[in-house]
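Structure below is structure_11.csv: CSV, C-alpha atoms.
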```
chain,number,residue,atom,x,y,z
A,144,MET,CA,-9.3,-30.5,-20.3
A,145,ALA,CA,-12.3,-29.8,-18.1
A,146,GLU,CA,-12.7,-26.2,-17.1
A,147,PRO,CA,-10.7,-25.8,-13.9
A,148,ASP,CA,-11.4,-22.1,-13.8
A,149,GLU,CA,-15.1,-22.9,-13.7
A,150,ARG,CA,-14.6,-25.1,-10.7
A,151,ASP,CA,-12.4,-22.6,-8.9
A,152,ARG,CA,-15.0,-20.0,-9.5
A,153,ASP,CA,-17.6,-22.1,-7.8
A,154,ASP,CA,-15.5,-22.3,-4.6
A,155,ARG,CA,-15.3,-18.6,-4.4
A,156,LEU,CA,-17.4,-16.4,-2.2
A,157,TYR,CA,-20.1,-14.0,-3.4
A,158,PHE,CA,-21.7,-11.0,-1.6
A,159,GLU,CA,-24.4,-13.2,-0.2
A,160,ASP,CA,-21.8,-15.5,1.4
A,161,PHE,CA,-20.4,-12.9,3.7
A,162,HIS,CA,-21.4,-11.9,7.2
A,163,VAL,CA,-19.9,-9.8,9.9
A,164,GLY,CA,-17.6,-11.8,12.2
A,165,GLN,CA,-16.4,-14.3,9.6
A,166,ARG,CA,-12.7,-15.0,9.8
A,167,PHE,CA,-10.1,-16.2,7.3
A,168,THR,CA,-6.4,-17.1,7.8
A,169,SER,CA,-4.0,-17.2,4.9
A,170,ALA,CA,-1.0,-19.4,4.3
A,171,THR,CA,2.4,-18.0,5.3
A,172,HIS,CA,5.3,-16.2,3.5
A,173,VAL,CA,8.9,-16.1,4.7
A,174,ILE,CA,10.5,-12.7,3.9
A,175,ASP,CA,14.3,-12.6,3.7
A,176,THR,CA,17.0,-10.0,3.4
A,177,ALA,CA,17.3,-10.5,-0.4
A,178,GLN,CA,13.6,-9.9,-0.9
A,179,ILE,CA,13.6,-6.8,1.3
A,180,LYS,CA,16.5,-5.2,-0.6
A,181,ALA,CA,15.2,-6.1,-4.0
A,182,PHE,CA,11.8,-4.5,-3.3
A,183,ALA,CA,13.5,-1.4,-1.8
A,184,ARG,CA,15.8,-0.9,-4.8
A,185,GLN,CA,12.8,-0.9,-7.0
A,186,PHE,CA,10.2,1.0,-5.0
A,187,ASP,CA,11.6,2.4,-1.7
A,188,PRO,CA,15.3,3.1,-1.9
A,189,GLN,CA,16.0,4.3,1.6
A,190,PRO,CA,19.0,3.2,3.8
A,191,PHE,CA,17.0,1.3,6.4
A,192,HIS,CA,15.6,-0.9,3.6
A,193,LEU,CA,18.8,-1.3,1.5
A,194,ASP,CA,21.8,-1.9,3.7
A,195,GLU,CA,22.4,-3.3,7.2
A,196,GLU,CA,25.2,-1.0,8.0
A,197,ALA,CA,23.5,2.2,6.8
A,198,ALA,CA,20.3,1.2,8.7
A,199,LYS,CA,22.1,1.4,12.0
A,200,GLY,CA,22.2,5.1,11.9
A,201,THR,CA,18.4,5.5,11.3
A,202,MET,CA,15.3,5.5,13.4
A,203,PHE,CA,14.9,1.7,12.9
A,204,GLY,CA,18.5,0.9,13.9
A,205,ARG,CA,18.5,-2.2,11.6
A,206,LEU,CA,17.4,-3.4,8.2
A,207,VAL,CA,13.6,-3.5,7.9
A,208,ALA,CA,11.1,-4.2,5.1
A,209,SER,CA,9.3,-1.3,3.4
A,210,GLY,CA,5.8,-1.0,4.6
A,211,TRP,CA,4.7,-1.2,1.0
A,212,HIS,CA,6.5,-4.5,0.7
A,213,THR,CA,4.5,-5.8,3.7
A,214,ALA,CA,1.4,-4.5,2.0
A,215,ALA,CA,2.3,-6.3,-1.3
A,216,ILE,CA,3.1,-9.6,0.4
A,217,THR,CA,-0.2,-9.3,2.3
A,218,MET,CA,-2.0,-8.9,-1.0
A,219,ARG,CA,-0.3,-11.9,-2.4
A,220,LEU,CA,-1.3,-14.0,0.6
A,221,GLN,CA,-4.9,-12.7,0.4
A,222,VAL,CA,-5.2,-13.5,-3.3
A,223,GLU,CA,-3.7,-17.0,-3.1
A,224,SER,CA,-4.9,-18.3,0.2
A,225,GLY,CA,-6.7,-15.6,2.2
A,226,LEU,CA,-10.0,-14.3,0.9
A,227,PRO,CA,-11.5,-16.3,-2.0
A,228,ILE,CA,-13.7,-13.6,-3.5
A,229,ALA,CA,-15.6,-14.3,-6.7
A,230,GLY,CA,-14.4,-11.8,-9.3
A,231,GLY,CA,-11.2,-11.2,-7.5
A,232,MET,CA,-10.0,-8.9,-4.8
A,233,ILE,CA,-10.8,-5.4,-5.9
A,234,GLY,CA,-10.2,-2.7,-3.3
A,235,VAL,CA,-11.9,0.7,-3.2
A,236,GLY,CA,-9.5,1.9,-0.6
A,237,GLY,CA,-9.0,1.6,3.1
A,238,GLU,CA,-7.0,2.6,6.2
A,239,MET,CA,-3.7,1.1,7.1
A,240,SER,CA,-1.1,1.2,9.7
A,241,TRP,CA,2.2,-0.5,10.4
A,242,PRO,CA,2.5,-0.9,14.2
A,243,ARG,CA,6.0,-2.4,13.9
A,244,PRO,CA,8.4,-3.2,11.1
A,245,THR,CA,8.7,-6.4,9.2
A,246,LEU,CA,12.2,-7.9,9.8
A,247,PRO,CA,14.3,-10.3,7.7
A,248,GLY,CA,13.3,-13.9,8.5
A,249,ASP,CA,9.8,-13.0,9.6
A,250,VAL,CA,7.1,-15.5,8.7
A,251,LEU,CA,4.0,-13.5,7.7
A,252,ARG,CA,0.4,-14.6,7.6
A,253,VAL,CA,-2.8,-12.6,7.3
A,254,VAL,CA,-5.8,-13.0,9.6
A,255,SER,CA,-8.9,-11.3,8.3
A,256,GLU,CA,-12.3,-10.5,9.8
A,257,ILE,CA,-15.4,-9.3,8.0
A,258,VAL,CA,-16.5,-6.1,9.8
A,259,GLU,CA,-19.2,-4.7,7.5
A,260,VAL,CA,-21.4,-6.0,4.7
A,261,THR,CA,-23.1,-3.2,2.7
A,262,PRO,CA,-25.4,-3.7,-0.3
A,263,SER,CA,-24.8,-1.1,-3.1
A,264,ARG,CA,-27.5,1.4,-3.4
A,265,SER,CA,-26.8,2.0,-7.1
A,266,ARG,CA,-25.6,-1.4,-8.3
A,267,PRO,CA,-27.9,-4.5,-7.9
A,268,ASP,CA,-25.1,-6.8,-9.0
A,269,ARG,CA,-22.6,-6.1,-6.2
A,270,GLY,CA,-22.0,-4.9,-2.7
A,271,VAL,CA,-19.1,-3.7,-0.5
A,272,VAL,CA,-17.5,-5.8,2.1
A,273,ARG,CA,-15.2,-4.2,4.7
A,274,VAL,CA,-12.4,-6.5,5.9
A,275,ARG,CA,-10.0,-5.9,8.7
A,276,SER,CA,-6.8,-7.8,7.9
A,277,GLU,CA,-4.0,-8.2,10.4
A,278,THR,CA,-0.6,-9.2,9.0
A,279,ARG,CA,1.2,-11.1,11.8
A,280,ASN,CA,4.7,-12.4,12.2
A,281,GLN,CA,5.8,-15.7,13.7
A,282,ARG,CA,5.6,-14.2,17.2
A,283,ASN,CA,2.0,-13.3,16.5
A,284,GLU,CA,2.9,-9.6,16.6
A,285,ILE,CA,1.0,-7.3,14.2
A,286,VAL,CA,3.1,-5.7,11.5
A,287,GLN,CA,0.2,-4.3,9.5
A,288,ILE,CA,-3.4,-3.6,9.9
A,289,LEU,CA,-5.5,-2.9,6.8
A,290,ASP,CA,-9.1,-2.0,7.0
A,291,ALA,CA,-10.2,-2.2,3.4
A,292,LYS,CA,-13.4,-1.9,1.4
A,293,LEU,CA,-13.8,-4.4,-1.3
A,294,PHE,CA,-16.2,-4.7,-4.2
A,295,VAL,CA,-17.9,-8.1,-4.1
A,296,PRO,CA,-20.3,-9.4,-6.8
A,297,ARG,CA,-23.6,-10.9,-6.0
A,298,ARG,CA,-24.4,-14.4,-7.0
A,299,THR,CA,-27.9,-13.3,-7.8
A,300,PRO,CA,-28.5,-9.6,-8.6
A,301,THR,CA,-31.3,-8.0,-6.6
A,302,ALA,CA,-34.3,-6.5,-8.4
A,303,PRO,CA,-33.7,-2.9,-9.3
A,304,GLY,CA,-35.6,-0.5,-7.1
B,231,MET,CA,35.7,12.5,-1.5
B,232,ALA,CA,33.8,15.2,0.3
B,233,GLU,CA,30.8,13.9,2.1
B,234,PRO,CA,27.9,14.1,-0.4
B,235,ASP,CA,25.5,12.5,2.1
B,236,GLU,CA,26.1,15.4,4.5
B,237,ARG,CA,25.2,17.9,1.8
B,238,ASP,CA,22.1,16.0,0.8
B,239,ARG,CA,21.1,15.9,4.4
B,240,ASP,CA,21.3,19.6,4.7
B,241,ASP,CA,18.8,20.0,1.8
B,242,ARG,CA,16.3,17.9,3.6
B,243,LEU,CA,13.4,19.1,5.6
B,244,TYR,CA,13.0,18.9,9.4
B,245,PHE,CA,9.8,19.1,11.4
B,246,GLU,CA,10.4,22.9,11.9
B,247,ASP,CA,10.4,23.4,8.1
B,248,PHE,CA,6.8,22.1,7.6
B,249,HIS,CA,3.6,24.1,7.7
B,250,VAL,CA,0.0,23.4,6.6
B,251,GLY,CA,-0.6,24.2,3.0
B,252,GLN,CA,2.9,23.5,1.7
B,253,ARG,CA,2.8,21.7,-1.6
B,254,PHE,CA,5.3,19.4,-3.3
B,255,THR,CA,5.3,17.9,-6.8
B,256,SER,CA,7.4,14.8,-7.7
B,257,ALA,CA,9.0,13.9,-11.0
B,258,THR,CA,7.1,11.5,-13.3
B,259,HIS,CA,7.2,7.7,-13.9
B,260,VAL,CA,5.9,6.0,-17.0
B,261,ILE,CA,4.2,2.6,-16.2
B,262,ASP,CA,4.0,0.1,-19.0
B,263,THR,CA,2.5,-3.3,-19.5
B,264,ALA,CA,5.6,-5.2,-18.7
B,265,GLN,CA,5.9,-3.5,-15.3
B,266,ILE,CA,2.3,-4.1,-14.5
B,267,LYS,CA,2.5,-7.8,-15.3
B,268,ALA,CA,5.8,-8.3,-13.4
B,269,PHE,CA,4.5,-6.7,-10.3
B,270,ALA,CA,1.3,-8.7,-10.5
B,271,ARG,CA,3.1,-12.0,-11.0
B,272,GLN,CA,5.0,-11.3,-7.8
B,273,PHE,CA,2.4,-9.7,-5.6
B,274,ASP,CA,-1.1,-9.5,-7.0
B,275,PRO,CA,-1.6,-12.4,-9.5
B,276,GLN,CA,-5.2,-11.7,-10.7
B,277,PRO,CA,-6.4,-11.9,-14.3
B,278,PHE,CA,-7.0,-8.2,-14.7
B,279,HIS,CA,-3.3,-7.4,-13.8
B,280,LEU,CA,-1.7,-10.3,-15.7
B,281,ASP,CA,-3.3,-10.8,-19.1
B,282,GLU,CA,-5.1,-8.5,-21.6
B,283,GLU,CA,-7.4,-11.2,-22.8
B,284,ALA,CA,-8.4,-12.5,-19.4
B,285,ALA,CA,-8.9,-9.0,-18.2
B,286,LYS,CA,-11.8,-8.4,-20.7
B,287,GLY,CA,-14.1,-10.7,-18.7
B,288,THR,CA,-13.5,-8.8,-15.4
B,289,MET,CA,-14.9,-5.7,-13.7
B,290,PHE,CA,-12.2,-3.6,-15.2
B,291,GLY,CA,-12.6,-4.9,-18.8
B,292,ARG,CA,-9.0,-4.4,-19.6
B,293,LEU,CA,-5.5,-4.7,-18.1
B,294,VAL,CA,-4.9,-2.4,-15.1
B,295,ALA,CA,-2.1,-2.0,-12.6
B,296,SER,CA,-2.5,-3.4,-9.1
B,297,GLY,CA,-3.4,-0.7,-6.6
B,298,TRP,CA,-0.4,-1.8,-4.6
B,299,HIS,CA,1.8,-1.2,-7.6
B,300,THR,CA,0.5,2.3,-7.9
B,301,ALA,CA,1.2,2.7,-4.2
B,302,ALA,CA,4.8,1.4,-4.6
B,303,ILE,CA,5.5,3.7,-7.6
B,304,THR,CA,4.1,6.6,-5.5
B,305,MET,CA,6.6,5.8,-2.7
B,306,ARG,CA,9.5,5.7,-5.2
B,307,LEU,CA,8.5,9.1,-6.6
B,308,GLN,CA,8.1,10.5,-3.1
B,309,VAL,CA,11.5,9.2,-1.9
B,310,GLU,CA,13.4,10.3,-4.9
B,311,SER,CA,11.8,13.6,-5.9
B,312,GLY,CA,8.7,14.3,-3.9
B,313,LEU,CA,9.2,14.9,-0.2
B,314,PRO,CA,12.8,15.5,1.0
B,315,ILE,CA,12.3,14.6,4.7
B,316,ALA,CA,15.4,14.4,6.9
B,317,GLY,CA,15.8,10.9,8.2
B,318,GLY,CA,13.7,9.5,5.4
B,319,MET,CA,10.0,8.8,4.7
B,320,ILE,CA,8.8,6.8,7.6
B,321,GLY,CA,5.0,6.3,7.7
B,322,VAL,CA,3.0,5.4,10.7
B,323,GLY,CA,0.0,4.6,8.5
B,324,GLY,CA,-2.7,6.4,6.6
B,325,GLU,CA,-5.9,6.2,4.6
B,326,MET,CA,-5.9,5.4,0.9
B,327,SER,CA,-8.2,5.1,-2.0
B,328,TRP,CA,-7.9,4.3,-5.7
B,329,PRO,CA,-10.6,6.4,-7.5
B,330,ARG,CA,-9.7,5.0,-10.9
B,331,PRO,CA,-7.2,2.3,-12.1
B,332,THR,CA,-3.7,3.0,-13.4
B,333,LEU,CA,-3.4,2.0,-17.1
B,334,PRO,CA,-0.5,0.9,-19.2
B,335,GLY,CA,1.3,3.9,-20.6
B,336,ASP,CA,0.1,6.2,-17.8
B,337,VAL,CA,2.6,8.9,-16.8
B,338,LEU,CA,2.3,9.2,-13.0
B,339,ARG,CA,3.4,12.0,-10.7
B,340,VAL,CA,2.6,12.8,-7.1
B,341,VAL,CA,1.2,16.1,-5.9
B,342,SER,CA,1.4,16.4,-2.1
B,343,GLU,CA,0.0,18.9,0.4
B,344,ILE,CA,0.8,19.2,4.1
B,345,VAL,CA,-2.5,19.1,6.0
B,346,GLU,CA,-1.4,18.8,9.6
B,347,VAL,CA,1.8,19.4,11.6
B,348,THR,CA,1.7,17.9,15.2
B,349,PRO,CA,4.5,18.0,17.7
B,350,SER,CA,4.9,14.7,19.6
B,351,ARG,CA,3.8,14.8,23.2
B,352,SER,CA,6.3,12.1,24.3
B,353,ARG,CA,9.2,12.6,21.9
B,354,PRO,CA,11.0,16.0,22.0
B,355,ASP,CA,13.1,15.0,19.0
B,356,ARG,CA,10.3,14.5,16.4
B,357,GLY,CA,6.8,15.2,15.3
B,358,VAL,CA,4.1,13.9,13.0
B,359,VAL,CA,3.4,15.5,9.7
B,360,ARG,CA,0.2,14.5,7.8
B,361,VAL,CA,0.5,14.6,4.1
B,362,ARG,CA,-2.3,14.2,1.5
B,363,SER,CA,-0.7,12.9,-1.7
B,364,GLU,CA,-2.6,12.6,-5.0
B,365,THR,CA,-1.1,10.4,-7.6
B,366,ARG,CA,-2.2,11.7,-10.9
B,367,ASN,CA,-1.9,10.5,-14.5
B,368,GLN,CA,-1.1,12.5,-17.7
B,369,ARG,CA,-4.7,13.6,-18.0
B,370,ASN,CA,-4.5,15.0,-14.4
B,371,GLU,CA,-6.9,12.3,-13.2
B,372,ILE,CA,-6.4,11.0,-9.7
B,373,VAL,CA,-5.5,7.3,-9.5
B,374,GLN,CA,-4.6,7.2,-5.8
B,375,ILE,CA,-5.1,9.4,-2.8
B,376,LEU,CA,-3.0,8.7,0.2
B,377,ASP,CA,-3.5,10.6,3.5
B,378,ALA,CA,-0.5,9.5,5.5
B,379,LYS,CA,1.1,10.3,8.8
B,380,LEU,CA,4.9,10.5,8.8
B,381,PHE,CA,7.4,10.7,11.5
B,382,VAL,CA,9.6,13.8,11.0
B,383,PRO,CA,12.7,14.5,13.1
B,384,ARG,CA,13.2,18.0,14.6
B,385,ARG,CA,16.4,19.9,13.7
B,386,THR,CA,16.5,21.1,17.3
B,387,PRO,CA,14.8,18.9,19.9
B,388,THR,CA,12.5,20.8,22.3
B,389,ALA,CA,13.1,21.0,26.0
B,390,PRO,CA,11.5,18.0,27.7
B,391,GLY,CA,8.4,18.7,29.8
```

Do you think you could lay out the structure here as C-alpha cells?
Amino acid sequence: MAEPDERDRDDRLYFEDFHVGQRFTSATHVIDTAQIKAFARQFDPQPFHLDEEAAKGTMFGRLVASGWHTAAITMRLQVESGLPIAGGMIGVGGEMSWPRPTLPGDVLRVVSEIVEVTPSRSRPDRGVVRVRSETRNQRNEIVQILDAKLFVPRRTPTAPG
Amino acid sequence: MAEPDERDRDDRLYFEDFHVGQRFTSATHVIDTAQIKAFARQFDPQPFHLDEEAAKGTMFGRLVASGWHTAAITMRLQVESGLPIAGGMIGVGGEMSWPRPTLPGDVLRVVSEIVEVTPSRSRPDRGVVRVRSETRNQRNEIVQILDAKLFVPRRTPTAPG
C-alpha cells in the first residue's frame, strides 16, 4: 500500500499555518442516555448522571451528562474532524466552563477560533496556539467553552537565537 | 432498611463547613495500559494514547494517558473519596493544566485545597467554593492541576436581601 499516513500528515496544519481569527467546525456527535450513564458509572458516579428518578431531587432536576463527558466528546470531535494539527492535539492546559448541561439526545459540535499564536522562546521547532472552542448543541446553545493552549510543531524550525 | 442515603448525606459538607486552607486527600487509582487505550479509542484516538510503537515517533516518545482521562479519573477519585460535598460535585468551570503526562502503572491520588469561599449574591441557598486539586503520581509528581469553582449548598439558607 501507499503510505496513507504520509498523505494525512500533509493535510495537517503546522504552526506557520495558523493565524488569529481562523475558525474550524467539527462534525457532530449525538449523545444518548446510555452513553451518559456508562461514562458516569466509570468516571462520575453521581445521581444526576446515573438515574432519571434520582436526578429529580438534585440541582439539575433531570439526568444530565458529566461535564467531563462533554469534555471527552469535545476532544473526540476535535481529533477526528475539528482541528487537524500536525503531530496531534497536545494540550498544555486551559480554562473551561460549562454554561449549561449536556442533555440526552443533544447533538454536539465544536466551533473553534484561533485567539493567539505564540512562537516558543526556547524551542525553535514549535509554538503555542491558543484556541477557544465552543461545544454547542442542536439549539446552538453553548454547553462548554474551552480556552486551551496547544503545542504545535513548525513545518520549518526557526534558526536558533 | 434504614435510610443509608440519609446518613451519608449527614457526613457531607455544606457551604458553612468550608474554609480557606482546608485540605483533602483522595484514595488512589492505578492506571494501566488497557485503561489508557480503551479511553483513547473512545475519546482521544491519537497514536501516543493508542499504541506503544506508534507513540515512539511522537512528542511524548512513549504511550501516555489522554489528559482528559487523567481528568476523568480525578473526578472519580474526588466523587468517591476526595471531596464529600452535600448535593454532589457540581462544577461551574475552572482552569487546568497537565505539567507532565500520566504513564501506564501510575498510582494517582488527588490532593485538594480550598482556596476561596464565596457566598452567592443572588442565591441564599448556596455559595461557590474554589478548590485547587493536584493529581499526583506515586513519585509525588503533579500530572494535573485543576483550579475549579464548585456550587455548594448551604445547610441553612441565609435571609434574602

What are the nearest atom pairs, with distances in Å to one decimal, for all residues of chain B that come at most 7 Å from chain A, using only C-alpha atoms, set out by chain and rising residue number as a Markdown table?
```
| residue | atom | partner | partner_atom | distance |
| --- | --- | --- | --- | --- |
| B:Phe273 | CA | A:Arg219 | CA | 4.7 |
| B:Asp274 | CA | A:Arg219 | CA | 5.2 |
| B:Gln276 | CA | A:Gly231 | CA | 6.8 |
| B:Thr288 | CA | A:Gly230 | CA | 6.9 |
| B:Trp298 | CA | A:Ala215 | CA | 6.2 |
| B:Ala302 | CA | A:Phe186 | CA | 5.4 |
| B:Ile303 | CA | A:Phe186 | CA | 6.0 |
| B:Met305 | CA | A:Asp187 | CA | 6.1 |
| B:Arg306 | CA | A:Phe186 | CA | 4.8 |
| B:Val309 | CA | A:Asp187 | CA | 6.8 |
| B:Gly317 | CA | A:Thr201 | CA | 6.7 |
| B:Gly318 | CA | A:Gln189 | CA | 6.8 |
| B:Val322 | CA | A:Ser240 | CA | 6.0 |
| B:Gly323 | CA | A:Ser240 | CA | 3.8 |
| B:Gly324 | CA | A:Met239 | CA | 5.4 |
| B:Glu325 | CA | A:Glu238 | CA | 4.1 |
| B:Met326 | CA | A:Gly236 | CA | 5.2 |
| B:Ser327 | CA | A:Gly236 | CA | 3.7 |
| B:Trp328 | CA | A:Gly236 | CA | 5.9 |
```

Point out the residue among A:Val253, A:Val260, A:Ala198, A:Leu156 with the least atom-to-atom distance to A:Glu284, counting only C-alpha atoms.
A:Val253

B:His249, B:Arg384, B:His279, B:Arg356: which is nearest B:Asp262, counting all atoms listed in the file?
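Using all atoms listed in the file, B:Asp262 sits closest to B:His279.
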
What is the atom CA of B:Thr348 to atom CA of B:Val361 distance in Å?
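For atom CA of B:Thr348 relative to atom CA of B:Val361, the distance reads 11.6 Å.
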
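The space separating atom CA of B:Thr332 from atom CA of B:Gly291 comes to 13.1 Å.
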
A straight line from atom CA of B:Gly312 to atom CA of B:Arg369 spans 19.5 Å

Do a neighbour search on A:Pro300 at 9 Å with all atoms listed in the file, toss out local chain neighbours closer than 6 positions, and write the hits as number ranges by chain.
A: 266-269

Looking at A:Thr301, A:Ser265, A:Gln165, A:Thr213, which one is nearest to A:Val250, with distances taken over all atoms listed in the file?
A:Thr213

Sphere at (0.6, 0.0, -14.1), radius 6 Å, counting only C-alpha atoms: residues as a VMD selection string:
chain B and resid 261 to 262 266 295 332 to 334

Store the residues picked out above in a file with C-alpha atoms, as a short mmCIF file (atom, residue, chain, number, x, y, z; two decimals), in the coordinates of the input.
```cif
data_model
loop_
_atom_site.label_atom_id
_atom_site.label_comp_id
_atom_site.auth_asym_id
_atom_site.auth_seq_id
_atom_site.Cartn_x
_atom_site.Cartn_y
_atom_site.Cartn_z
CA ILE B 261 4.20 2.60 -16.20
CA ASP B 262 4.00 0.10 -19.00
CA ILE B 266 2.30 -4.10 -14.50
CA ALA B 295 -2.10 -2.00 -12.60
CA THR B 332 -3.70 3.00 -13.40
CA LEU B 333 -3.40 2.00 -17.10
CA PRO B 334 -0.50 0.90 -19.20
#
```

With distances taken over all atoms listed in the file, which of B:Arg366, B:Arg242, B:Arg385, B:Lys286 is nearest to B:Leu313?
B:Arg242

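Take the candidates B:Val373, B:Val345, B:Ala316, B:Leu380 and check each one against B:Asp241 using only C-alpha atoms; the shortest distance goes to B:Ala316.
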